[in-house]
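Okay, my_file_27.cif now, which holds mmCIF, C-alpha atoms:
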data_model
loop_
_atom_site.label_atom_id
_atom_site.label_comp_id
_atom_site.auth_asym_id
_atom_site.auth_seq_id
_atom_site.Cartn_x
_atom_site.Cartn_y
_atom_site.Cartn_z
CA ILE H 1 41.07 36.39 -48.01
CA ASP H 2 41.45 39.11 -45.40
CA TYR H 3 44.29 37.37 -43.58
CA SER H 4 45.23 38.29 -40.05
CA LEU H 5 46.29 36.82 -36.73
CA THR H 6 43.15 37.66 -34.77
CA SER H 7 40.20 37.70 -37.15
CA PRO H 8 40.89 36.39 -40.65
CA ALA H 9 37.91 36.30 -42.99
CA ILE H 10 37.14 34.66 -46.33
CA CYS H 11 34.52 35.56 -48.93
CA VAL H 12 33.58 33.00 -51.57
CA THR H 13 31.20 34.19 -54.25
CA ASP H 14 30.23 33.81 -57.90
CA ASP H 15 28.30 37.00 -58.55
CA PHE H 16 28.95 39.24 -55.51
CA LYS H 17 25.31 39.24 -54.49
CA PHE H 18 25.38 39.03 -50.71
CA GLU H 19 22.69 36.38 -50.41
CA TYR H 20 24.61 33.99 -52.72
CA SER H 21 28.02 34.66 -51.19
CA HIS H 22 29.58 32.68 -48.35
CA PHE H 23 31.60 34.26 -45.55
CA TYR H 24 33.86 32.60 -43.01
CA PHE H 25 35.88 34.04 -40.15
CA LEU H 26 37.85 33.01 -37.06
CA THR H 27 37.09 34.49 -33.66
CA ASN H 28 37.69 34.11 -29.94
CA LYS H 29 34.28 35.58 -29.09
CA LYS H 30 31.66 32.94 -28.24
CA LYS H 31 28.90 35.31 -29.38
CA HIS H 32 30.26 35.23 -32.94
CA MET H 33 30.81 31.49 -33.24
CA GLY H 34 28.31 29.60 -35.32
CA LYS H 35 26.17 30.17 -38.36
CA PHE H 36 24.49 33.46 -39.20
CA GLY H 37 22.80 32.61 -42.49
CA ASN H 38 25.58 32.62 -45.09
CA ILE H 39 28.19 33.70 -42.53
CA ILE H 40 30.02 31.16 -40.36
CA GLY H 41 32.21 32.02 -37.40
CA TYR H 42 34.77 29.42 -36.34
CA GLU H 43 36.61 29.33 -33.03
CA HIS H 44 40.33 30.04 -32.89
CA GLN H 45 42.09 26.98 -31.52
CA PRO H 46 44.44 27.26 -28.55
CA TYR H 47 48.15 27.29 -29.37
CA THR H 48 51.40 27.03 -27.48
CA ASP H 49 53.73 28.88 -29.85
CA PRO H 50 53.51 31.23 -32.86
CA ILE H 51 54.21 28.59 -35.52
CA GLN H 52 51.42 26.38 -34.17
CA ARG H 53 49.13 29.44 -34.28
CA PHE H 54 50.08 30.27 -37.89
CA THR H 55 49.66 26.63 -38.93
CA GLN H 56 46.20 26.42 -37.36
CA ILE H 57 45.06 29.59 -39.11
CA SER H 58 46.33 28.37 -42.48
CA ASP H 59 44.75 24.92 -41.81
CA TRP H 60 41.42 26.70 -41.40
CA VAL H 61 41.86 28.61 -44.68
CA LEU H 62 42.73 25.42 -46.58
CA LYS H 63 39.73 23.63 -45.04
CA VAL H 64 37.38 26.40 -46.20
CA LEU H 65 38.92 26.61 -49.67
CA ARG H 66 38.70 22.83 -50.14
CA LEU H 67 34.92 23.19 -49.88
CA TYR H 68 35.12 24.96 -53.24
CA GLN H 69 37.91 22.99 -54.91
CA PRO H 70 40.17 25.98 -55.66
CA GLY H 71 41.25 24.72 -59.06
CA GLY H 72 38.31 26.69 -60.43
CA ILE H 73 38.31 29.76 -58.19
CA THR H 74 40.38 32.89 -57.94
CA ILE H 75 42.18 33.38 -54.65
CA ALA H 76 43.02 36.95 -53.68
CA ILE H 77 44.85 37.91 -50.50
CA GLU H 78 45.21 41.41 -49.12
CA ASN H 79 48.86 42.41 -48.86
CA TYR H 80 50.48 43.48 -45.60
CA SER H 81 49.52 46.65 -43.84
CA TYR H 82 52.75 48.54 -43.47
CA GLY H 83 51.34 50.50 -40.54
CA SER H 84 52.18 47.54 -38.29
CA LYS H 85 55.22 47.97 -36.09
CA GLY H 86 57.64 45.94 -34.00
CA GLN H 87 57.09 42.28 -33.27
CA ALA H 88 53.59 42.35 -34.79
CA LEU H 89 55.02 43.12 -38.25
CA PHE H 90 57.18 40.00 -38.17
CA GLN H 91 54.34 37.80 -36.93
CA ILE H 92 52.01 39.12 -39.64
CA ALA H 93 54.65 38.40 -42.30
CA GLU H 94 55.41 34.92 -40.96
CA ASN H 95 51.71 34.09 -40.73
CA CYS H 96 50.98 35.16 -44.31
CA GLY H 97 54.17 33.55 -45.60
CA ILE H 98 53.05 30.19 -44.22
CA LEU H 99 49.66 30.57 -45.91
CA LYS H 100 51.23 31.46 -49.26
CA TYR H 101 53.61 28.52 -49.02
CA ARG H 102 50.77 26.14 -48.21
CA LEU H 103 48.64 27.47 -51.09
CA LEU H 104 51.55 26.85 -53.47
CA GLU H 105 51.99 23.33 -52.04
CA GLN H 106 48.39 22.72 -53.14
CA LYS H 107 49.25 24.22 -56.54
CA TRP H 108 46.63 26.92 -55.94
CA LYS H 109 47.44 30.24 -57.53
CA TYR H 110 46.69 33.46 -55.72
CA SER H 111 47.06 37.18 -56.27
CA VAL H 112 48.07 39.74 -53.68
CA ILE H 113 46.31 43.10 -53.54
CA VAL H 114 47.58 46.22 -51.79
CA PRO H 115 45.18 47.46 -49.06
CA SER H 116 44.92 50.95 -50.59
CA VAL H 117 43.89 49.41 -53.93
CA VAL H 118 41.11 47.46 -52.20
CA LYS H 119 39.91 50.61 -50.42
CA LYS H 120 40.02 52.68 -53.60
CA PHE H 121 38.16 49.95 -55.47
CA ALA H 122 35.46 49.85 -52.79
CA THR H 123 35.00 53.54 -52.00
CA GLY H 124 37.00 55.56 -54.53
CA LYS H 125 39.42 56.58 -51.75
CA GLY H 126 42.66 54.70 -51.12
CA ASN H 127 42.72 55.88 -47.52
CA ALA H 128 39.12 54.92 -46.67
CA ASP H 129 38.56 54.01 -43.04
CA LYS H 130 36.53 51.09 -41.68
CA GLU H 131 33.36 53.20 -41.45
CA MET H 132 33.56 54.23 -45.11
CA MET H 133 34.15 50.64 -46.15
CA TYR H 134 31.19 49.47 -44.10
CA GLU H 135 28.87 52.18 -45.46
CA GLN H 136 29.83 51.21 -49.02
CA PHE H 137 29.27 47.53 -48.23
CA CYS H 138 25.78 48.32 -46.91
CA LYS H 139 24.99 50.26 -50.11
CA ASP H 140 26.46 47.65 -52.47
CA THR H 141 24.94 44.60 -50.79
CA LYS H 142 21.86 46.13 -49.16
CA THR H 143 22.94 44.25 -46.01
CA ASP H 144 23.44 45.56 -42.48
CA LEU H 145 25.97 43.21 -40.92
CA MET H 146 25.76 44.97 -37.56
CA LYS H 147 22.11 43.99 -37.36
CA LYS H 148 22.73 40.51 -38.77
CA LEU H 149 25.45 39.78 -36.18
CA ASP H 150 23.71 41.73 -33.40
CA MET H 151 26.57 44.17 -32.83
CA GLN H 152 26.33 47.74 -31.53
CA THR H 153 29.75 48.97 -32.66
CA LEU H 154 31.70 48.47 -35.85
CA SER H 155 34.57 46.05 -35.17
CA ASN H 156 35.71 42.58 -36.14
CA PRO H 157 34.43 40.28 -37.45
CA ILE H 158 32.28 42.73 -39.43
CA THR H 159 35.18 44.85 -40.69
CA ASP H 160 37.02 41.68 -41.74
CA ILE H 161 33.98 40.32 -43.60
CA VAL H 162 33.65 43.65 -45.42
CA ASP H 163 37.35 43.64 -46.31
CA ALA H 164 37.15 40.02 -47.53
CA TYR H 165 34.20 40.90 -49.75
CA TYR H 166 36.03 43.78 -51.42
CA ILE H 167 39.28 41.82 -51.70
CA ALA H 168 37.29 39.15 -53.56
CA ARG H 169 35.65 41.73 -55.84
CA CYS H 170 38.90 43.56 -56.48
CA GLY H 171 40.73 40.27 -57.18
CA HIS H 172 37.98 39.18 -59.55
CA GLU H 173 38.09 42.47 -61.45
CA SER H 174 41.89 42.41 -61.74
CA ILE H 175 41.84 38.84 -63.13
CA LYS H 176 38.95 39.68 -65.47
CA GLY H 177 40.89 42.67 -66.80
CA LYS H 178 43.87 40.52 -67.87
#
Produce structure tokens that represent the structure in this file.
Amino acid sequence: IDYSLTSPAICVTDDFKFEYSHFYFLTNKKKHMGKFGNIIGYEHQPYTDPIQRFTQISDWVLKVLRLYQPGGITIAIENYSYGSKGQALFQIAENCGILKYRLLEQKWKYSVIVPSVVKKFATGKGNADKEMMYEQFCKDTKTDLMKKLDMQTLSNPITDIVDAYYIARCGHESIKGK
């Protein structure tokens, strides 16, 4: 799970082959809502306060995970980005805290992975930028998401889908290694 306030994304996969993986994300952009093969974009719901927003985002995650009955899957969440500042840092922490609490309520175990570990796993560089991550994704999956989602510039939801894919792979490898 690449968990965020604006464009969270989830990758569910057995073998990390793109065509057999399933991707989900939330968006406010009408163009990105709907089904794009094995990628589904859901609309962010309106909210009146931050807690309602955080609850709706975690509701969406639980709804997606229930499709796969998480008792048998590994859930990996990317840890906080410490580059966030001010009010955003607190909202990010509250949002993710609510998700973690709700996962535990379901008795679903999860692991948390540091962003630099995900980047190093994907590209060999812990400080890889979005372009490097995307280039590696294209090589590893032989898939051009920009073409698939008809986008001219690299931004969300593509960068979030890429992150979710590597969070899933990194989480799988870390569990497998134990």
Neighbour list for Thr6 (chain H) as a short mmCIF file (atom, residue, chain, number, x, y, z; two decimals) with C-alpha atoms, in the frame of the given file, cut-off 10 Å, all atoms listed in the file, skip fewer than 5 positions in-chain:
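The resulting file, out36.cif, is shown below:
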data_model
loop_
_atom_site.label_atom_id
_atom_site.label_comp_id
_atom_site.auth_asym_id
_atom_site.auth_seq_id
_atom_site.Cartn_x
_atom_site.Cartn_y
_atom_site.Cartn_z
CA PHE H 25 35.88 34.04 -40.15
CA LEU H 26 37.85 33.01 -37.06
CA THR H 27 37.09 34.49 -33.66
CA ASN H 28 37.69 34.11 -29.94
CA HIS H 44 40.33 30.04 -32.89
CA ILE H 57 45.06 29.59 -39.11
CA ASN H 156 35.71 42.58 -36.14
CA PRO H 157 34.43 40.28 -37.45
#
Find the residues near Tyr134 (chain H): any atom within 9 Å, counting only C-alpha atoms, skip ones fewer than 4 places away on the same chain, and give them as a ChimeraX atom specification. /H:129-130,138-139,144-145,154,158-159,162-163
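A straight line drawn from CA of Ser174 (chain H) to CA of Asp2 (chain H) is 16.7 Å long.
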If the PyMOL selection byres ((chain H and resi 171) around 10) is run on the structure shown, which residues does it catch, given as a list in words? Ile1, Thr74, Ile75, Ala76, Ile77, Glu78, Tyr110, Ser111, Val112, Ile113, Val118, Tyr165, Tyr166, Ile167, Ala168, Arg169, Cys170, His172, Glu173, Ser174, Ile175, Lys176 and Gly177 of chain H
At what distance in Å, to one decimal, does CA of Gln136 (chain H) lie from CA of Leu99 (chain H)?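 Atom-to-atom, CA of Leu99 (chain H) to CA of Gln136 (chain H), that is 28.8 Å.
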Of the candidates H:Asn95, H:Arg66, H:Ile10, H:Tyr20, which one gets nearest to Gln52 (chain H) if we count all atoms listed in the file?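 Going through H:Asn95, H:Arg66, H:Ile10, H:Tyr20 one by one, the smallest distance to Gln52 (chain H) is for H:Asn95.
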For Gly41 (chain H), which residue out of H:Ala9, H:Lys125, H:Asp15, H:Arg53 is the nearest one, using all atoms listed in the file?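 Once distances to Gly41 (chain H) are computed over all atoms listed in the file, the minimum belongs to H:Ala9.
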Selected residue of minimal separation from Tyr68 (chain H) among H:Thr143, H:Ser7, H:Thr13, H:Ser155, counting only C-alpha atoms: H:Thr13
For this file, the PyMOL selection byres ((chain H and resi 50) around 12) selects which residues, as an mmCIF file with C-alpha atoms, in the coordinates of the input?
data_model
loop_
_atom_site.group_PDB
_atom_site.id
_atom_site.type_symbol
_atom_site.label_atom_id
_atom_site.label_comp_id
_atom_site.auth_asym_id
_atom_site.auth_seq_id
_atom_site.Cartn_x
_atom_site.Cartn_y
_atom_site.Cartn_z
ATOM 1 C CA LEU H 5 46.290 36.820 -36.730
ATOM 2 C CA PRO H 46 44.440 27.260 -28.550
ATOM 3 C CA TYR H 47 48.150 27.290 -29.370
ATOM 4 C CA THR H 48 51.400 27.030 -27.480
ATOM 5 C CA ASP H 49 53.730 28.880 -29.850
ATOM 6 C CA ILE H 51 54.210 28.590 -35.520
ATOM 7 C CA GLN H 52 51.420 26.380 -34.170
ATOM 8 C CA ARG H 53 49.130 29.440 -34.280
ATOM 9 C CA PHE H 54 50.080 30.270 -37.890
ATOM 10 C CA THR H 55 49.660 26.630 -38.930
ATOM 11 C CA GLN H 56 46.200 26.420 -37.360
ATOM 12 C CA ILE H 57 45.060 29.590 -39.110
ATOM 13 C CA GLN H 87 57.090 42.280 -33.270
ATOM 14 C CA ALA H 88 53.590 42.350 -34.790
ATOM 15 C CA PHE H 90 57.180 40.000 -38.170
ATOM 16 C CA GLN H 91 54.340 37.800 -36.930
ATOM 17 C CA ILE H 92 52.010 39.120 -39.640
ATOM 18 C CA ALA H 93 54.650 38.400 -42.300
ATOM 19 C CA GLU H 94 55.410 34.920 -40.960
ATOM 20 C CA ASN H 95 51.710 34.090 -40.730
ATOM 21 C CA ILE H 98 53.050 30.190 -44.220
#
Please provide the set of residues having any atom within 9 Å of Asp140 (chain H), restricted to only C-alpha atoms, with same-chain residues fewer than 5 positions apart removed, written as an MDAnalysis selection string. chainID H and resid 17:18 135
Could you save those same residues with C-alpha atoms as a CSV table (one decimal), keeping the file's coordinate frame?
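Result written to again-v1.csv:
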chain,number,residue,atom,x,y,z
H,17,LYS,CA,25.3,39.2,-54.5
H,18,PHE,CA,25.4,39.0,-50.7
H,135,GLU,CA,28.9,52.2,-45.5
Selection result of the PyMOL selection byres ((chain H and resi 38) around 10) on this file, as a PyMOL selection string: chain H and resi 18-24+35-37+39-40
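Between CA of Glu43 (chain H) and CA of Gln106 (chain H) there is a distance of 24.2 Å.
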